[in-house]
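Peer 1: Structure below; questions to follow.
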Amino acid sequence: MEIIIGRDATTSWLYVMVDNTPHIVSSLSTVPKSISRQHCKLMIEDDGTMRINNLNPQNKTYVNGVAVMSKIVTHGDKVELGGNHYLLKWEVIDKFMPKEVDIRPLKDVWETYNRDTKAVTQRKQRFQAIRGITPAITMSGVLISYFSGGRGLTFILAYALIIVLTIFFVLKTWKDIRKDDDYLKTIKYRFIKDYSCPCPECGYFFGFTDYAILTKNLDSCPKCKSKLKK
């Protein structure tokens with residue numbers, strides 16, 4: 001992540017550009033003209049290391065009173081810009097720096113989603129198996145009809161049973177499939193809501209990616225750049 005720091009030419013307030021997104025920091029005090037629009041750049045690595053780079057030889061950037069072109073800095077360092085030694089306040093920069101968010105609870109979210117969707121799939125497979133019984137019942141009715149001569153109480157009861165069972169299985173399967181389809185929509189909606197960046201200002205959805213793969217491939221949120229605690 002990179003933060004470019006300078007002076008806004010129109011308002012004379014602090015100008016901060018974070019990953020190509022500009023921000024103007026309003027303040028009661030103006031920024032001296034000795035600070036250019038793109039004066040220095042603060043680079044933040046994934047491990048939290050910060051390095052400040054002076055962007056132009058004509059610019060002046062000081063760390064603890066010493067002029068630098070490039071130097072690793074920490075929050076304890078005093079950073080000043082321009083010939084007027086404008087003090088860069090860390091609390092201002094902190095607003096734009098990546099936060100650390102804990103995504104470990106997302107493991108349970110993924111496992112619950114995976115378990116619930118598998119359960120629905122298994123139920124649908126059982127329903128299909130039940131539907132497969134219907135032709136067997138029909139064939140049994142044909143055989144009964146054949147051996148009973150197609151008449152008599154046995155024949156009537158057998159066919160009545162076939163009709164009742166067929167209607168029951170068809171209606172139950174249709175009802176259960178509709179119920180499961182609605183349940184799948186609920187599961188998916190809840191998953192999209194919960195399987196996202198914990199940062200309140202972000203909420204980025206990490207997609208339908210296995211938690212193990214997610215933690216292996218991502219160190220920070222693609223949207224808010226928050227560092228992911230895994």
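So you can find residues: chains in the structure tokens are A, B, ... in the order shown, residues in each start at 1, and ligands are numbered from 1 in order.
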Extract, using only C-alpha atoms, all DNA, RNA and protein residues at most 10 Å from Lys71 (chain A), discarding same-chain residues fewer than 3 positions from it, and format them as a list in words.

Peer 2: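 Everything that qualifies: Leu42, Met50, Arg51, Ile52, Asn53, Asn54, Tyr62, Val63, Ala67, Val68 and Thr74 of chain A.
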
Peer 1: Selected residues, N, CA and C atoms, written as a compact mmCIF listing (two decimals), in the first residue's frame, please.

Peer 2:
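Written out: part-v9.txt:
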```txt
# COMPACT_ATOMS: atom_id res chain seq x y z
N LEU A 42 4.62 7.35 1.48
CA LEU A 42 4.76 6.41 2.58
C LEU A 42 4.34 5.03 2.08
N MET A 50 7.06 0.36 7.40
CA MET A 50 6.75 1.63 6.73
C MET A 50 8.05 2.29 6.27
N ARG A 51 8.06 2.75 5.03
CA ARG A 51 9.21 3.46 4.48
C ARG A 51 8.71 4.76 3.84
N ILE A 52 9.34 5.87 4.19
CA ILE A 52 8.99 7.16 3.60
C ILE A 52 10.02 7.51 2.53
N ASN A 53 9.52 7.93 1.37
CA ASN A 53 10.38 8.29 0.25
C ASN A 53 10.11 9.74 -0.15
N ASN A 54 11.16 10.53 -0.24
CA ASN A 54 11.07 11.89 -0.76
C ASN A 54 10.92 11.79 -2.28
N TYR A 62 12.10 15.43 6.42
CA TYR A 62 12.97 15.20 7.59
C TYR A 62 12.38 14.11 8.47
N VAL A 63 13.26 13.24 8.95
CA VAL A 63 12.88 12.22 9.94
C VAL A 63 13.77 12.42 11.16
N ALA A 67 17.38 15.30 7.15
CA ALA A 67 16.83 15.25 5.80
C ALA A 67 17.10 13.86 5.19
N VAL A 68 16.08 13.30 4.60
CA VAL A 68 16.22 11.95 4.03
C VAL A 68 15.60 11.91 2.64
N THR A 74 8.76 4.66 11.96
CA THR A 74 7.76 4.10 12.86
C THR A 74 6.93 5.24 13.43
```

Peer 1: Could you pull out the helix (DSSP H, G or I) residues of region 3-206 of chain A, going by DSSP on the backbone, and write them as a PyMOL selection string?

Peer 2: chain A and resi 90-94+106-131+133-148+152-194

Peer 1: Which neighbours of His23 (chain A) fall inside 10 Å, counting only C-alpha atoms, when residues of the same chain fewer than 2 positions from it are skipped, and could you give them as a count of residues only?

Peer 2: 12

Peer 1: Can you list, as a VMD selection string, every protein, DNA or RNA residue that comes within 10 Å of Ser27 (chain A) when you count only C-alpha atoms, leaving out same-chain residues fewer than 4 positions away?

Peer 2: chain A and resid 11 to 14 31

Peer 1: Please determine, counting only C-alpha atoms, which residue among A:Ala212, A:Val120, A:Leu228, A:Ile3 has the shortest atom-to-atom distance to Asp181 (chain A).

Peer 2: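 Using only C-alpha atoms, Asp181 (chain A) sits closest to A:Val120.
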
Peer 1: Counting only C-alpha atoms, figure out which residue out of A:Phe168, A:Tyr86, A:Phe127, A:Tyr195 gets nearest to Tyr113 (chain A).

Peer 2: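 Counting only C-alpha atoms, the residue closest to Tyr113 (chain A) is A:Tyr195.
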
Peer 1: Hey, what's within 9 Å of Thr209 (chain A) if we count only C-alpha atoms and toss same-chain stuff fewer than 4 positions away? As a ChimeraX atom specification, please?

Peer 2: /A:110,213-214

Peer 1: When DSSP is applied to the backbone of this structure, which of region 32-218 of chain A are assigned strand (DSSP E or B)? Write them out as a PyMOL selection string.

Peer 2: chain A and resi 40-44+50-54+61-63+66-67+70-73+79-81+86-87+100-102+196+205

Peer 1: Find, counting only C-alpha atoms, the residue in A:Ala9, A:Cys199, A:Val66, A:Met1 that gets nearest to Ser34 (chain A).

Peer 2: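 Residue with the minimum atom-to-atom distance to Ser34 (chain A): A:Ala9.
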
Peer 1: Which residue, A:Gly48, A:Leu106, A:Ile167, A:His75, has the smallest gap to Asp94 (chain A) when you use only C-alpha atoms?

Peer 2: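 Closest to Asp94 (chain A) of all the choices is A:His75.
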
Peer 1: Just how far from CA of Trp90 (chain A) is CA of Pro32 (chain A), in Å to one decimal?

Peer 2: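 So the two atoms, CA of Pro32 (chain A) and CA of Trp90 (chain A), lie 18.0 Å apart.
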
Peer 1: List as a short mmCIF file (atom, residue, chain, number, x, y, z; two decimals) with N, CA and C atoms, in the first residue's frame the protein and nucleic acid residues near Asp194 (chain A), meaning an atom at most 10 Å away when only C-alpha atoms are counted, but skip any in the same chain fewer than 2 places from it.

Peer 2:
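Writing the result to out.cif gives the following:
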```cif
data_model
loop_
_atom_site.label_atom_id
_atom_site.label_comp_id
_atom_site.auth_asym_id
_atom_site.auth_seq_id
_atom_site.Cartn_x
_atom_site.Cartn_y
_atom_site.Cartn_z
N PRO A 105 -13.13 -16.07 12.51
CA PRO A 105 -14.52 -16.55 12.62
C PRO A 105 -15.12 -16.98 11.28
N LEU A 106 -14.52 -16.55 10.17
CA LEU A 106 -15.06 -16.93 8.86
C LEU A 106 -14.88 -18.42 8.58
N VAL A 109 -18.09 -19.88 9.46
CA VAL A 109 -19.09 -19.48 8.45
C VAL A 109 -18.98 -20.38 7.23
N TRP A 110 -17.76 -20.61 6.76
CA TRP A 110 -17.55 -21.47 5.59
C TRP A 110 -17.98 -22.91 5.88
N LYS A 188 -27.49 -19.08 1.05
CA LYS A 188 -26.61 -18.29 0.20
C LYS A 188 -26.60 -16.83 0.62
N TYR A 189 -27.79 -16.30 0.90
CA TYR A 189 -27.90 -14.89 1.33
C TYR A 189 -27.13 -14.67 2.63
N ARG A 190 -27.31 -15.58 3.58
CA ARG A 190 -26.63 -15.45 4.87
C ARG A 190 -25.12 -15.59 4.70
N PHE A 191 -24.71 -16.48 3.81
CA PHE A 191 -23.28 -16.69 3.58
C PHE A 191 -22.63 -15.45 2.96
N ILE A 192 -23.27 -14.87 1.97
CA ILE A 192 -22.74 -13.67 1.32
C ILE A 192 -22.62 -12.53 2.33
N SER A 196 -17.52 -12.09 4.71
CA SER A 196 -17.03 -10.82 4.17
C SER A 196 -16.04 -10.18 5.13
N CYS A 197 -15.40 -9.14 4.65
CA CYS A 197 -14.41 -8.44 5.47
C CYS A 197 -15.07 -7.87 6.72
N PRO A 198 -14.50 -8.14 7.90
CA PRO A 198 -15.10 -7.65 9.16
C PRO A 198 -15.02 -6.14 9.35
N GLY A 203 -16.95 -4.50 4.28
CA GLY A 203 -17.95 -5.53 3.98
C GLY A 203 -17.71 -6.27 2.68
N TYR A 204 -16.46 -6.29 2.21
CA TYR A 204 -16.14 -6.96 0.95
C TYR A 204 -16.41 -8.47 1.04
N PHE A 205 -17.17 -9.00 0.06
CA PHE A 205 -17.49 -10.43 0.04
C PHE A 205 -16.33 -11.20 -0.57
N PHE A 206 -15.83 -12.20 0.16
CA PHE A 206 -14.66 -12.94 -0.28
C PHE A 206 -14.97 -14.01 -1.32
#
```

Peer 1: Give me, as a PyMOL selection string, all polymer residues having an atom no more than 10 Å from Lys60 (chain A), counting only C-alpha atoms and skipping those fewer than 4 positions away in the same chain.

Peer 2: chain A and resi 34-36+39-40+54-56+66-69+80-85

Peer 1: Can I get the selection written as a PDB file, in the first residue's frame, with C-alpha atoms?

Peer 2:
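So out_38.pdb came out as:
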```pdb
ATOM      1  CA  SER A  34       7.319  24.782   0.541  1.00  0.00           C
ATOM      2  CA  ILE A  35       5.432  21.484   0.374  1.00  0.00           C
ATOM      3  CA  SER A  36       4.638  20.299  -3.150  1.00  0.00           C
ATOM      4  CA  HIS A  39       5.897  15.737  -1.703  1.00  0.00           C
ATOM      5  CA  CYS A  40       6.650  12.300  -0.274  1.00  0.00           C
ATOM      6  CA  ASN A  54      11.065  11.887  -0.763  1.00  0.00           C
ATOM      7  CA  LEU A  55       9.605  12.221  -4.265  1.00  0.00           C
ATOM      8  CA  ASN A  56      11.699  15.097  -5.578  1.00  0.00           C
ATOM      9  CA  VAL A  66      17.560  14.670   9.515  1.00  0.00           C
ATOM     10  CA  ALA A  67      16.835  15.246   5.800  1.00  0.00           C
ATOM     11  CA  VAL A  68      16.218  11.951   4.028  1.00  0.00           C
ATOM     12  CA  MET A  69      15.407  10.650   0.565  1.00  0.00           C
ATOM     13  CA  GLU A  80       8.525  17.023   8.953  1.00  0.00           C
ATOM     14  CA  LEU A  81       7.954  18.321   5.439  1.00  0.00           C
ATOM     15  CA  GLY A  82       9.298  21.311   3.534  1.00  0.00           C
ATOM     16  CA  GLY A  83      11.656  24.100   4.478  1.00  0.00           C
ATOM     17  CA  ASN A  84       9.170  25.255   7.117  1.00  0.00           C
ATOM     18  CA  HIS A  85       9.406  21.877   8.873  1.00  0.00           C
TER      19      HIS A  85
END
```
